[in-house]
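Novice: Pasting entry16.cif here (mmCIF, C-alpha atoms):
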```
data_run
#
loop_
_atom_site.group_PDB
_atom_site.id
_atom_site.type_symbol
_atom_site.label_atom_id
_atom_site.label_comp_id
_atom_site.auth_asym_id
_atom_site.auth_seq_id
_atom_site.Cartn_x
_atom_site.Cartn_y
_atom_site.Cartn_z
ATOM 1 C CA MET A 990 190.065 -72.394 -53.998
ATOM 2 C CA ILE A 991 190.749 -69.646 -56.497
ATOM 3 C CA PHE A 992 188.225 -68.893 -59.208
ATOM 4 C CA GLU A 993 188.956 -66.640 -62.168
ATOM 5 C CA VAL A 994 186.177 -64.269 -63.105
ATOM 6 C CA PHE A 995 185.423 -63.058 -66.616
ATOM 7 C CA ARG A 996 182.846 -60.385 -67.169
ATOM 8 C CA GLN A 997 180.743 -59.284 -70.080
ATOM 9 C CA GLU A 998 180.132 -55.572 -70.189
ATOM 10 C CA LYS A 999 177.155 -55.648 -72.530
ATOM 11 C CA LYS A 1000 175.196 -58.304 -74.331
ATOM 12 C CA GLY A 1001 177.097 -59.706 -77.289
ATOM 13 C CA ALA A 1002 180.469 -58.338 -76.142
ATOM 14 C CA ALA A 1003 183.405 -60.660 -75.548
ATOM 15 C CA PHE A 1004 184.046 -61.752 -71.964
ATOM 16 C CA ALA A 1005 187.191 -60.211 -70.513
ATOM 17 C CA HIS A 1006 189.178 -61.279 -67.492
ATOM 18 C CA ALA A 1007 188.067 -59.208 -64.499
ATOM 19 C CA GLY A 1008 190.025 -60.706 -61.628
ATOM 20 C CA SER A 1009 189.679 -63.574 -59.214
ATOM 21 C CA VAL A 1010 187.865 -64.561 -56.043
ATOM 22 C CA GLU A 1011 188.759 -67.037 -53.341
ATOM 23 C CA ALA A 1012 185.899 -69.265 -52.255
ATOM 24 C CA PRO A 1013 185.330 -72.727 -50.764
ATOM 25 C CA ASN A 1014 183.188 -73.892 -53.698
ATOM 26 C CA ALA A 1015 181.575 -72.776 -56.950
ATOM 27 C CA GLU A 1016 178.403 -71.633 -55.260
ATOM 28 C CA PHE A 1017 180.254 -69.241 -52.949
ATOM 29 C CA ALA A 1018 182.472 -68.170 -55.847
ATOM 30 C CA LYS A 1019 179.429 -67.159 -57.884
ATOM 31 C CA ALA A 1020 177.971 -65.180 -54.981
ATOM 32 C CA PHE A 1021 181.288 -63.430 -54.267
ATOM 33 C CA ALA A 1022 181.866 -62.676 -57.956
ATOM 34 C CA HIS A 1023 178.360 -61.275 -58.228
ATOM 35 C CA GLU A 1024 179.093 -58.751 -55.478
ATOM 36 C CA GLN A 1025 182.643 -57.933 -56.559
ATOM 37 C CA TYR A 1026 182.202 -57.627 -60.297
ATOM 38 C CA GLY A 1027 178.520 -56.895 -60.734
ATOM 39 C CA ARG A 1028 177.200 -54.707 -57.985
ATOM 40 C CA ARG A 1029 177.730 -51.453 -59.861
ATOM 41 C CA GLN A 1030 175.940 -52.624 -62.999
ATOM 42 C CA GLU A 1031 179.321 -53.003 -64.695
ATOM 43 C CA SER A 1032 178.536 -56.497 -65.974
ATOM 44 C CA VAL A 1033 175.610 -58.200 -67.664
ATOM 45 C CA ALA A 1034 177.064 -61.691 -67.233
ATOM 46 C CA LEU A 1035 179.999 -63.401 -65.545
ATOM 47 C CA TRP A 1036 181.967 -66.578 -66.161
ATOM 48 C CA VAL A 1037 183.349 -68.000 -62.941
ATOM 49 C CA VAL A 1038 185.958 -70.660 -63.586
ATOM 50 C CA PRO A 1039 188.120 -72.692 -61.179
ATOM 51 C CA ARG A 1040 191.709 -71.596 -61.815
ATOM 52 C CA ASP A 1041 192.715 -75.280 -62.087
ATOM 53 C CA ALA A 1042 190.378 -75.674 -65.052
ATOM 54 C CA ILE A 1043 192.333 -73.196 -67.102
ATOM 55 C CA CYS A 1044 194.888 -74.700 -69.490
ATOM 56 C CA GLU A 1045 197.807 -72.376 -69.925
ATOM 57 C CA VAL A 1046 200.086 -72.054 -72.923
ATOM 58 C CA HIS A 1047 203.249 -70.030 -72.543
ATOM 59 C CA GLU A 1048 205.968 -70.905 -75.052
ATOM 60 C CA PHE A 1049 205.985 -69.010 -78.287
ATOM 61 C CA TYR A 1050 209.350 -69.427 -80.015
ATOM 62 C CA ASP A 1051 210.400 -67.554 -83.084
ATOM 63 C CA GLU A 1052 213.935 -68.895 -83.451
ATOM 64 C CA LEU A 1053 214.108 -68.225 -87.162
ATOM 65 C CA GLY A 1054 212.669 -64.716 -86.953
ATOM 66 C CA LYS A 1055 209.812 -65.407 -89.325
ATOM 67 C CA THR A 1056 208.434 -61.913 -89.021
ATOM 68 C CA TYR A 1057 206.321 -62.343 -92.147
ATOM 69 C CA HIS A 1058 203.985 -64.501 -90.007
ATOM 70 C CA ARG A 1059 203.105 -61.442 -87.996
ATOM 71 C CA VAL A 1060 200.711 -58.651 -88.771
ATOM 72 C CA ASP A 1061 203.436 -56.075 -88.260
ATOM 73 C CA GLY A 1062 206.105 -58.214 -89.919
ATOM 74 C CA TYR A 1063 205.690 -56.832 -93.384
ATOM 75 C CA SER A 1064 205.581 -53.078 -93.580
ATOM 76 C CA LEU A 1065 203.532 -51.749 -96.457
ATOM 77 C CA LYS A 1066 204.020 -48.108 -95.639
ATOM 78 C CA ALA A 1067 207.449 -47.690 -97.177
ATOM 79 C CA LYS A 1068 206.545 -49.807 -100.182
ATOM 80 C CA LEU A 1069 203.387 -47.795 -100.826
ATOM 81 C CA LYS A 1070 205.385 -44.569 -100.662
ATOM 82 C CA GLU A 1071 207.867 -45.857 -103.217
ATOM 83 C CA ALA A 1072 205.080 -47.014 -105.500
ATOM 84 C CA ARG A 1073 203.372 -43.622 -105.314
ATOM 85 C CA GLU A 1074 206.605 -41.854 -106.126
ATOM 86 C CA ARG A 1075 207.101 -44.104 -109.145
ATOM 87 C CA ALA A 1076 203.571 -43.361 -110.299
ATOM 88 C CA GLY A 1077 203.959 -39.656 -109.582
ATOM 89 C CA THR A 1078 200.918 -39.417 -107.343
ATOM 90 C CA GLU A 1079 200.657 -38.004 -103.829
ATOM 91 C CA ALA A 1080 199.033 -39.753 -100.907
ATOM 92 C CA SER A 1081 195.573 -38.236 -100.536
ATOM 93 C CA MET B 410 150.077 -41.218 -38.979
ATOM 94 C CA SER B 411 148.367 -43.280 -41.665
ATOM 95 C CA GLU B 412 148.607 -47.031 -41.574
ATOM 96 C CA ARG B 413 150.536 -46.872 -44.851
ATOM 97 C CA ALA B 414 153.161 -44.476 -43.506
ATOM 98 C CA GLN B 415 153.490 -46.600 -40.383
ATOM 99 C CA LYS B 416 154.028 -49.747 -42.461
ATOM 100 C CA LEU B 417 156.637 -47.980 -44.573
ATOM 101 C CA LEU B 418 158.505 -46.834 -41.471
ATOM 102 C CA ASP B 419 158.375 -50.314 -39.891
ATOM 103 C CA TYR B 420 159.996 -51.715 -42.986
ATOM 104 C CA ALA B 421 162.444 -48.874 -43.602
ATOM 105 C CA ASP B 422 163.658 -49.030 -40.000
ATOM 106 C CA ASP B 423 164.238 -52.791 -40.309
ATOM 107 C CA GLU B 424 166.324 -52.303 -43.441
ATOM 108 C CA LEU B 425 168.302 -49.323 -42.118
ATOM 109 C CA ILE B 426 169.204 -50.922 -38.824
ATOM 110 C CA LEU B 427 170.003 -54.317 -40.309
ATOM 111 C CA GLY B 428 172.139 -52.608 -42.955
ATOM 112 C CA TRP B 429 173.948 -50.769 -40.173
ATOM 113 C CA ARG B 430 174.465 -53.951 -38.158
ATOM 114 C CA ASP B 431 175.698 -55.921 -41.156
ATOM 115 C CA SER B 432 178.131 -53.133 -41.975
ATOM 116 C CA GLU B 433 179.729 -53.713 -38.563
ATOM 117 C CA TRP B 434 181.449 -56.623 -40.309
ATOM 118 C CA THR B 435 183.176 -54.405 -42.835
ATOM 119 C CA GLY B 436 186.886 -55.000 -42.488
ATOM 120 C CA ILE B 437 186.577 -57.941 -40.102
ATOM 121 C CA ALA B 438 184.547 -60.563 -41.989
ATOM 122 C CA PRO B 439 185.950 -64.124 -42.080
ATOM 123 C CA SER B 440 187.460 -63.606 -45.541
ATOM 124 C CA LEU B 441 188.091 -60.676 -47.853
ATOM 125 C CA GLU B 442 185.588 -61.940 -50.402
ATOM 126 C CA GLU B 443 182.946 -62.273 -47.713
ATOM 127 C CA ASP B 444 183.831 -58.816 -46.464
ATOM 128 C CA VAL B 445 183.070 -57.311 -49.875
ATOM 129 C CA ALA B 446 179.912 -59.394 -50.339
ATOM 130 C CA PHE B 447 178.460 -58.728 -46.898
ATOM 131 C CA SER B 448 179.299 -55.023 -47.020
ATOM 132 C CA SER B 449 177.625 -54.804 -50.404
ATOM 133 C CA ILE B 450 174.519 -56.478 -49.004
ATOM 134 C CA ALA B 451 174.561 -54.061 -46.071
ATOM 135 C CA GLN B 452 174.676 -51.151 -48.502
ATOM 136 C CA ASN B 453 171.768 -52.562 -50.493
ATOM 137 C CA GLU B 454 169.678 -52.757 -47.345
ATOM 138 C CA ILE B 455 170.387 -49.129 -46.558
ATOM 139 C CA GLY B 456 169.455 -48.271 -50.157
ATOM 140 C CA HIS B 457 166.137 -50.042 -49.667
ATOM 141 C CA ALA B 458 165.616 -48.115 -46.444
ATOM 142 C CA ARG B 459 166.174 -44.867 -48.334
ATOM 143 C CA ALA B 460 163.593 -45.771 -50.996
ATOM 144 C CA LEU B 461 161.033 -46.705 -48.336
ATOM 145 C CA TYR B 462 161.722 -43.559 -46.271
ATOM 146 C CA GLU B 463 161.261 -41.473 -49.428
ATOM 147 C CA LEU B 464 157.779 -42.903 -49.973
ATOM 148 C CA ALA B 465 156.895 -42.281 -46.337
ATOM 149 C CA ALA B 466 158.435 -38.798 -46.421
ATOM 150 C CA ARG B 467 156.166 -37.675 -49.244
ATOM 151 C CA GLU B 468 153.171 -38.621 -47.190
ATOM 152 C CA LEU B 469 154.523 -37.104 -43.976
ATOM 153 C CA ASP B 470 155.812 -33.945 -45.658
ATOM 154 C CA THR B 471 159.434 -34.394 -44.582
ATOM 155 C CA ASP B 472 162.508 -36.033 -46.127
ATOM 156 C CA ALA B 473 164.238 -39.401 -45.944
ATOM 157 C CA ASP B 474 167.210 -38.122 -43.909
ATOM 158 C CA ALA B 475 164.938 -36.607 -41.287
ATOM 159 C CA LEU B 476 163.088 -39.893 -40.947
ATOM 160 C CA ALA B 477 166.274 -41.933 -40.789
ATOM 161 C CA PHE B 478 168.238 -39.739 -38.382
ATOM 162 C CA ASP B 479 166.137 -37.067 -36.709
ATOM 163 C CA ARG B 480 163.665 -39.184 -34.777
ATOM 164 C CA SER B 481 164.234 -40.114 -31.154
ATOM 165 C CA PRO B 482 165.252 -43.738 -30.467
ATOM 166 C CA ASP B 483 161.803 -44.447 -29.007
ATOM 167 C CA GLU B 484 160.175 -43.630 -32.316
ATOM 168 C CA TYR B 485 162.005 -46.340 -34.234
ATOM 169 C CA ARG B 486 159.826 -49.228 -35.304
ATOM 170 C CA CYS B 487 162.382 -51.882 -36.276
ATOM 171 C CA ALA B 488 162.016 -55.425 -35.007
ATOM 172 C CA PRO B 489 164.321 -56.362 -32.095
ATOM 173 C CA LEU B 490 165.879 -59.020 -34.365
ATOM 174 C CA VAL B 491 167.780 -56.354 -36.283
ATOM 175 C CA GLN B 492 168.601 -54.259 -33.214
ATOM 176 C CA GLN B 493 170.976 -56.758 -31.645
ATOM 177 C CA ARG B 494 174.554 -55.611 -31.815
ATOM 178 C CA ARG B 495 177.118 -57.477 -33.847
ATOM 179 C CA MET B 496 177.223 -61.066 -32.723
ATOM 180 C CA ASP B 497 179.504 -63.942 -33.647
ATOM 181 C CA TRP B 498 179.453 -65.140 -37.247
ATOM 182 C CA ALA B 499 177.098 -68.053 -36.515
ATOM 183 C CA HIS B 500 174.515 -65.670 -35.025
ATOM 184 C CA THR B 501 175.056 -63.167 -37.816
ATOM 185 C CA ILE B 502 174.336 -65.795 -40.456
ATOM 186 C CA ALA B 503 171.393 -67.120 -38.436
ATOM 187 C CA ARG B 504 169.926 -63.606 -38.304
ATOM 188 C CA HIS B 505 170.718 -62.952 -41.963
ATOM 189 C CA TRP B 506 169.057 -66.193 -43.045
ATOM 190 C CA LEU B 507 165.990 -65.797 -40.801
ATOM 191 C CA TYR B 508 165.552 -62.171 -41.822
ATOM 192 C CA GLU B 509 165.842 -62.930 -45.539
ATOM 193 C CA CYS B 510 163.299 -65.755 -45.216
ATOM 194 C CA ALA B 511 160.881 -63.402 -43.440
ATOM 195 C CA ASP B 512 161.603 -60.589 -45.874
ATOM 196 C CA GLU B 513 160.839 -62.824 -48.847
ATOM 197 C CA ILE B 514 157.359 -63.412 -47.410
ATOM 198 C CA ARG B 515 156.828 -59.732 -46.626
ATOM 199 C CA LEU B 516 157.960 -58.681 -50.121
ATOM 200 C CA ALA B 517 155.767 -61.270 -51.826
ATOM 201 C CA ALA B 518 152.760 -59.860 -49.955
ATOM 202 C CA LEU B 519 153.694 -56.264 -50.846
ATOM 203 C CA LYS B 520 154.128 -57.124 -54.523
ATOM 204 C CA GLU B 521 150.475 -58.195 -54.515
ATOM 205 C CA SER B 522 149.414 -54.937 -52.902
ATOM 206 C CA ASP B 523 146.780 -52.689 -54.540
ATOM 207 C CA ASP B 524 149.076 -49.769 -53.785
ATOM 208 C CA GLU B 525 150.877 -49.588 -57.129
ATOM 209 C CA GLU B 526 153.712 -47.433 -55.863
ATOM 210 C CA LEU B 527 154.447 -49.812 -53.029
ATOM 211 C CA ALA B 528 154.035 -52.908 -55.209
ATOM 212 C CA GLY B 529 156.431 -51.383 -57.758
ATOM 213 C CA LEU B 530 159.082 -50.638 -55.139
ATOM 214 C CA ALA B 531 158.666 -54.127 -53.669
ATOM 215 C CA ALA B 532 159.325 -55.644 -57.101
ATOM 216 C CA LYS B 533 162.491 -53.553 -57.497
ATOM 217 C CA MET B 534 163.750 -54.459 -54.050
ATOM 218 C CA ASP B 535 162.965 -58.099 -54.627
ATOM 219 C CA ARG B 536 165.362 -58.242 -57.571
ATOM 220 C CA GLU B 537 168.247 -57.298 -55.268
ATOM 221 C CA GLU B 538 166.940 -59.360 -52.392
ATOM 222 C CA THR B 539 167.105 -62.451 -54.587
ATOM 223 C CA TYR B 540 170.880 -62.287 -54.244
ATOM 224 C CA HIS B 541 170.724 -61.661 -50.534
ATOM 225 C CA ARG B 542 168.602 -64.782 -50.205
ATOM 226 C CA LEU B 543 171.043 -66.827 -52.282
ATOM 227 C CA HIS B 544 173.894 -65.610 -50.117
ATOM 228 C CA ALA B 545 172.008 -66.310 -46.890
ATOM 229 C CA GLN B 546 170.860 -69.741 -48.010
ATOM 230 C CA MET B 547 174.343 -70.697 -49.179
ATOM 231 C CA TRP B 548 175.796 -69.838 -45.772
ATOM 232 C CA ALA B 549 172.931 -71.475 -43.879
ATOM 233 C CA ASP B 550 173.491 -74.687 -45.856
ATOM 234 C CA ARG B 551 177.193 -74.534 -45.113
ATOM 235 C CA LEU B 552 176.728 -74.061 -41.366
ATOM 236 C CA ARG B 553 173.775 -76.435 -41.040
ATOM 237 C CA GLY B 554 174.436 -79.088 -38.403
ATOM 238 C CA ASN B 555 177.056 -76.931 -36.722
ATOM 239 C CA GLU B 556 176.044 -76.638 -33.071
ATOM 240 C CA ARG B 557 176.809 -72.931 -32.736
ATOM 241 C CA PHE B 558 174.733 -72.137 -35.785
ATOM 242 C CA GLU B 559 171.791 -74.356 -34.809
ATOM 243 C CA GLU B 560 171.794 -72.832 -31.329
ATOM 244 C CA ALA B 561 171.801 -69.323 -32.826
ATOM 245 C CA VAL B 562 168.845 -70.184 -35.074
ATOM 246 C CA ARG B 563 166.886 -71.533 -32.089
ATOM 247 C CA GLU B 564 167.688 -68.455 -30.044
ATOM 248 C CA LEU B 565 166.716 -65.988 -32.781
ATOM 249 C CA TRP B 566 163.616 -67.815 -34.028
ATOM 250 C CA PRO B 567 161.128 -65.945 -31.775
ATOM 251 C CA TYR B 568 162.721 -62.678 -32.924
ATOM 252 C CA ALA B 569 162.391 -63.655 -36.574
ATOM 253 C CA LEU B 570 158.667 -64.374 -36.170
ATOM 254 C CA ALA B 571 158.135 -60.823 -34.914
ATOM 255 C CA VAL B 572 159.473 -59.340 -38.156
ATOM 256 C CA LEU B 573 156.184 -60.332 -39.794
ATOM 257 C CA ASP B 574 152.608 -59.387 -39.106
ATOM 258 C CA GLU B 575 150.758 -62.164 -37.364
ATOM 259 C CA PRO B 576 148.877 -63.549 -40.406
ATOM 260 C CA LEU B 577 152.163 -64.089 -42.266
ATOM 261 C CA ARG B 578 153.977 -65.932 -39.444
ATOM 262 C CA PRO B 579 152.827 -69.463 -40.297
ATOM 263 C CA ARG B 580 154.440 -69.012 -43.710
ATOM 264 C CA LEU B 581 157.791 -68.325 -42.063
ATOM 265 C CA ALA B 582 157.523 -71.505 -40.021
ATOM 266 C CA GLU B 583 156.791 -73.371 -43.221
ATOM 267 C CA ARG B 584 159.575 -71.664 -45.197
ATOM 268 C CA THR B 585 162.269 -72.301 -42.577
ATOM 269 C CA GLY B 586 161.020 -75.701 -41.431
ATOM 270 C CA LEU B 587 161.260 -74.430 -37.870
ATOM 271 C CA SER B 588 158.809 -74.856 -35.043
ATOM 272 C CA ASP B 589 155.354 -73.403 -35.365
ATOM 273 C CA VAL B 590 154.429 -69.866 -34.436
ATOM 274 C CA SER B 591 153.950 -70.694 -30.761
ATOM 275 C CA GLY B 592 157.626 -69.765 -30.396
ATOM 276 C CA PHE B 593 156.525 -66.144 -30.465
ATOM 277 C CA GLN B 594 157.506 -64.054 -27.420
ATOM 278 C CA PRO B 595 156.206 -60.572 -26.537
ATOM 279 C CA GLN B 596 159.667 -59.087 -25.790
ATOM 280 C CA THR B 597 160.676 -59.766 -29.382
ATOM 281 C CA GLN B 598 157.764 -57.669 -30.644
ATOM 282 C CA ARG B 599 158.186 -54.767 -33.051
ATOM 283 C CA GLY B 600 158.031 -51.451 -31.196
ATOM 284 C CA THR B 601 160.287 -52.714 -28.403
ATOM 285 C CA VAL B 602 163.336 -50.466 -28.197
ATOM 286 C CA THR B 603 166.343 -52.285 -26.783
ATOM 287 C CA ASP B 604 169.470 -50.811 -25.197
ATOM 288 C CA ASP B 605 171.398 -52.057 -28.223
ATOM 289 C CA LEU B 606 169.289 -49.804 -30.434
ATOM 290 C CA ARG B 607 169.760 -46.817 -28.115
ATOM 291 C CA ARG B 608 173.541 -47.219 -28.298
ATOM 292 C CA LEU B 609 173.415 -47.650 -32.050
ATOM 293 C CA TRP B 610 171.284 -44.508 -32.361
ATOM 294 C CA GLU B 611 173.837 -42.467 -30.389
ATOM 295 C CA GLU B 612 176.512 -43.446 -32.870
ATOM 296 C CA MET B 613 174.396 -43.407 -36.010
ATOM 297 C CA THR B 614 173.060 -39.880 -35.493
ATOM 298 C CA MET B 615 176.187 -38.419 -33.855
ATOM 299 C CA VAL B 616 177.481 -36.496 -36.863
ATOM 300 C CA ARG B 617 174.074 -35.222 -37.876
ATOM 301 C CA ARG B 618 173.276 -34.054 -34.342
ATOM 302 C CA SER B 619 176.667 -32.353 -34.038
ATOM 303 C CA VAL B 620 175.511 -29.535 -36.346
ATOM 304 C CA ALA B 621 171.740 -29.677 -36.167
ATOM 305 C CA GLY B 622 169.955 -28.279 -39.178
ATOM 306 C CA ALA B 623 173.092 -28.065 -41.325
ATOM 307 C CA THR B 624 172.997 -28.709 -45.052
ATOM 308 C CA TRP B 625 175.564 -31.368 -45.814
#
```
Please lay out the structure from this file as structure tokens.
Specialist:
Amino acid sequence: MIFEVFRQEKKGAAFAHAGSVEAPNAEFAKAFAHEQYGRRQESVALWVVPRDAICEVHEFYDELGKTYHRVDGYSLKAKLKEARERAGTEAS
Amino acid sequence: MSERAQKLLDYADDELILGWRDSEWTGIAPSLEEDVAFSSIAQNEIGHARALYELAARELDTDADALAFDRSPDEYRCAPLVQQRRMDWAHTIARHWLYECADEIRLAALKESDDEELAGLAAKMDREETYHRLHAQMWADRLRGNERFEEAVRELWPYALAVLDEPLRPRLAERTGLSDVSGFQPQTQRGTVTDDLRRLWEEMTMVRRSVAGATW
């Protein structure tokens, strides 16, 4: 069975995917993950999750190119420059 | 040599030689994950040996490397349980489990010691040993009832008893649920140097002996 391992680098930090371990059950998976992702003090906590338990989502369509939904979809830089020129001020 | 130094060497030798034996599985363990886990445990044991040798070295006015590698094979004090060369996986797990059970009892006693330095080191080691015990117990539970494993446990039981000083042995029988301490045999006694240990010593000290006195 494959288990995905997520590790937390310090208390309060978000857990990030570290890798996976193969083990016959959760108990072995925890022990293996402990040695593989924790033995150099690189983690303060681990989440060990059976791969089957993970629900995946893959399809993200943007057929109509609605770029304004995205953070980078609406560039302010050029507009700010224009506005500054109109106002006669320089970017500080 | 003081009784304290002798005790430290008994323990350090156990940890060094067991660490060495466990590391014989590096690269050939039953699965990659187990390979990493068991090798990591082996390294921890050698780390514990180093810490114990360092305490002894201060008292004996030498250093940890000299104690680990420059003594003659006859001076080693490790229990014959840890001397046995790499065995099959069932025996390896049987030894690992029996040793960790015995070590838990030895560490608990040391943590209560009046010797603050020793009690402090025992507490530090115990935090790592907790995971060794989990690992050993998990494997022992998995192999329980398997004839090869049960046979290995029976065979190694008298050796496991000899890891501990006599007053602590009944606790090991209780902890493991195995037969009482009458299983004890003199040839399993600490201080016995087996041919397995002599061969291991040849290999373990080979590089260091090749250029005696060198600074590495």
Novice: Which residue out of B:His457, B:Arg551, B:Lys520, B:Arg494 has the minimum interatomic distance to Trp610 (chain B) when only C-alpha atoms are used?
Specialist: B:Arg494
Novice: Let me make sure I understand: among A:Lys1068, A:Arg1075, A:His1047, A:Lys1019, which one has the smallest atom-to-atom distance to chain B if we use only C-alpha atoms?
Specialist: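 The answer is A:Lys1019, which sits nearest to chain B.
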Novice: Starting from the displayed file, determine the output of the PyMOL selection byres ((chain B and resi 508) around 12) and express the residue list as a ChimeraX atom specification.
Specialist: /B:420,423-424,427-428,431,454,488-491,500-507,509-516,538,541-542,545-546,562,565-573,581,584-585
Novice: Could you spell out the hits of the PyMOL selection byres ((chain B) within 12 of (chain A)) on the shown file, as JSON, numbers by chain?
Specialist: {"B": [439, 440, 441, 442, 443, 444, 445, 446, 447, 448, 449, 450, 451, 452, 453, 537, 539, 540, 541, 542, 543, 544, 545, 546, 547, 548, 549, 550, 551]}
Novice: Could you list, as an MDAnalysis selection string, every residue matched by the PyMOL selection byres ((chain A and resi 1035) around 6) in this structure?
Specialist: chainID A and resid 995:996 1034 1036
Novice: Would you kindly return, as a list in words, each protein, DNA or RNA residue with an atom no farther than 9 Å from any atom of Gln493 (chain B), considering only C-alpha atoms and excluding same-chain residues fewer than 2 positions away?
Specialist: Arg430, Pro489, Leu490, Val491, Arg495, Met496, Thr603, Asp604, Asp605 and Leu606 of chain B
Novice: Could you jot down the CA of Ala621 (chain B) to CA of Gly600 (chain B) separation for me, Å, one decimal place?
Specialist: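 Between CA of Ala621 (chain B) and CA of Gly600 (chain B) the gap works out to 26.2 Å.
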Novice: Which of these residues is nearest to Phe558 (chain B), using all atoms listed in the file: B:Trp434, B:Tyr462, B:Trp498, B:Tyr485?
Specialist: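 Checking each of B:Trp434, B:Tyr462, B:Trp498, B:Tyr485 against Phe558 (chain B), counting all atoms listed in the file, the winner is B:Trp498.
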Novice: Go ahead and compute the interatomic distance for CA of Asp422 (chain B) and CA of Leu552 (chain B), in Å to one decimal.
Specialist: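 Here the two named atoms are 28.3 Å from each other.
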Novice: Mind pulling up the distance from CA of Ala1005 (chain A) to CA of Glu1045 (chain A)?
Specialist: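 Computing it gives 16.2 Å between the two atoms.
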Novice: What's around region 612-620 of chain B at 10 Å? Count all atoms listed in the file, leave out sequence neighbours fewer than 3 positions away in its own chain, and write the answer as a PyMOL selection string.
Specialist: chain B and resi 426+429+474-475+477-481+606-609+623-625
Novice: Go through B:Asp589, B:Asp574, B:Asp535, B:Glu468 and flag the residue nearest Arg413 (chain B), using all atoms listed in the file for the distances.
Specialist: B:Glu468
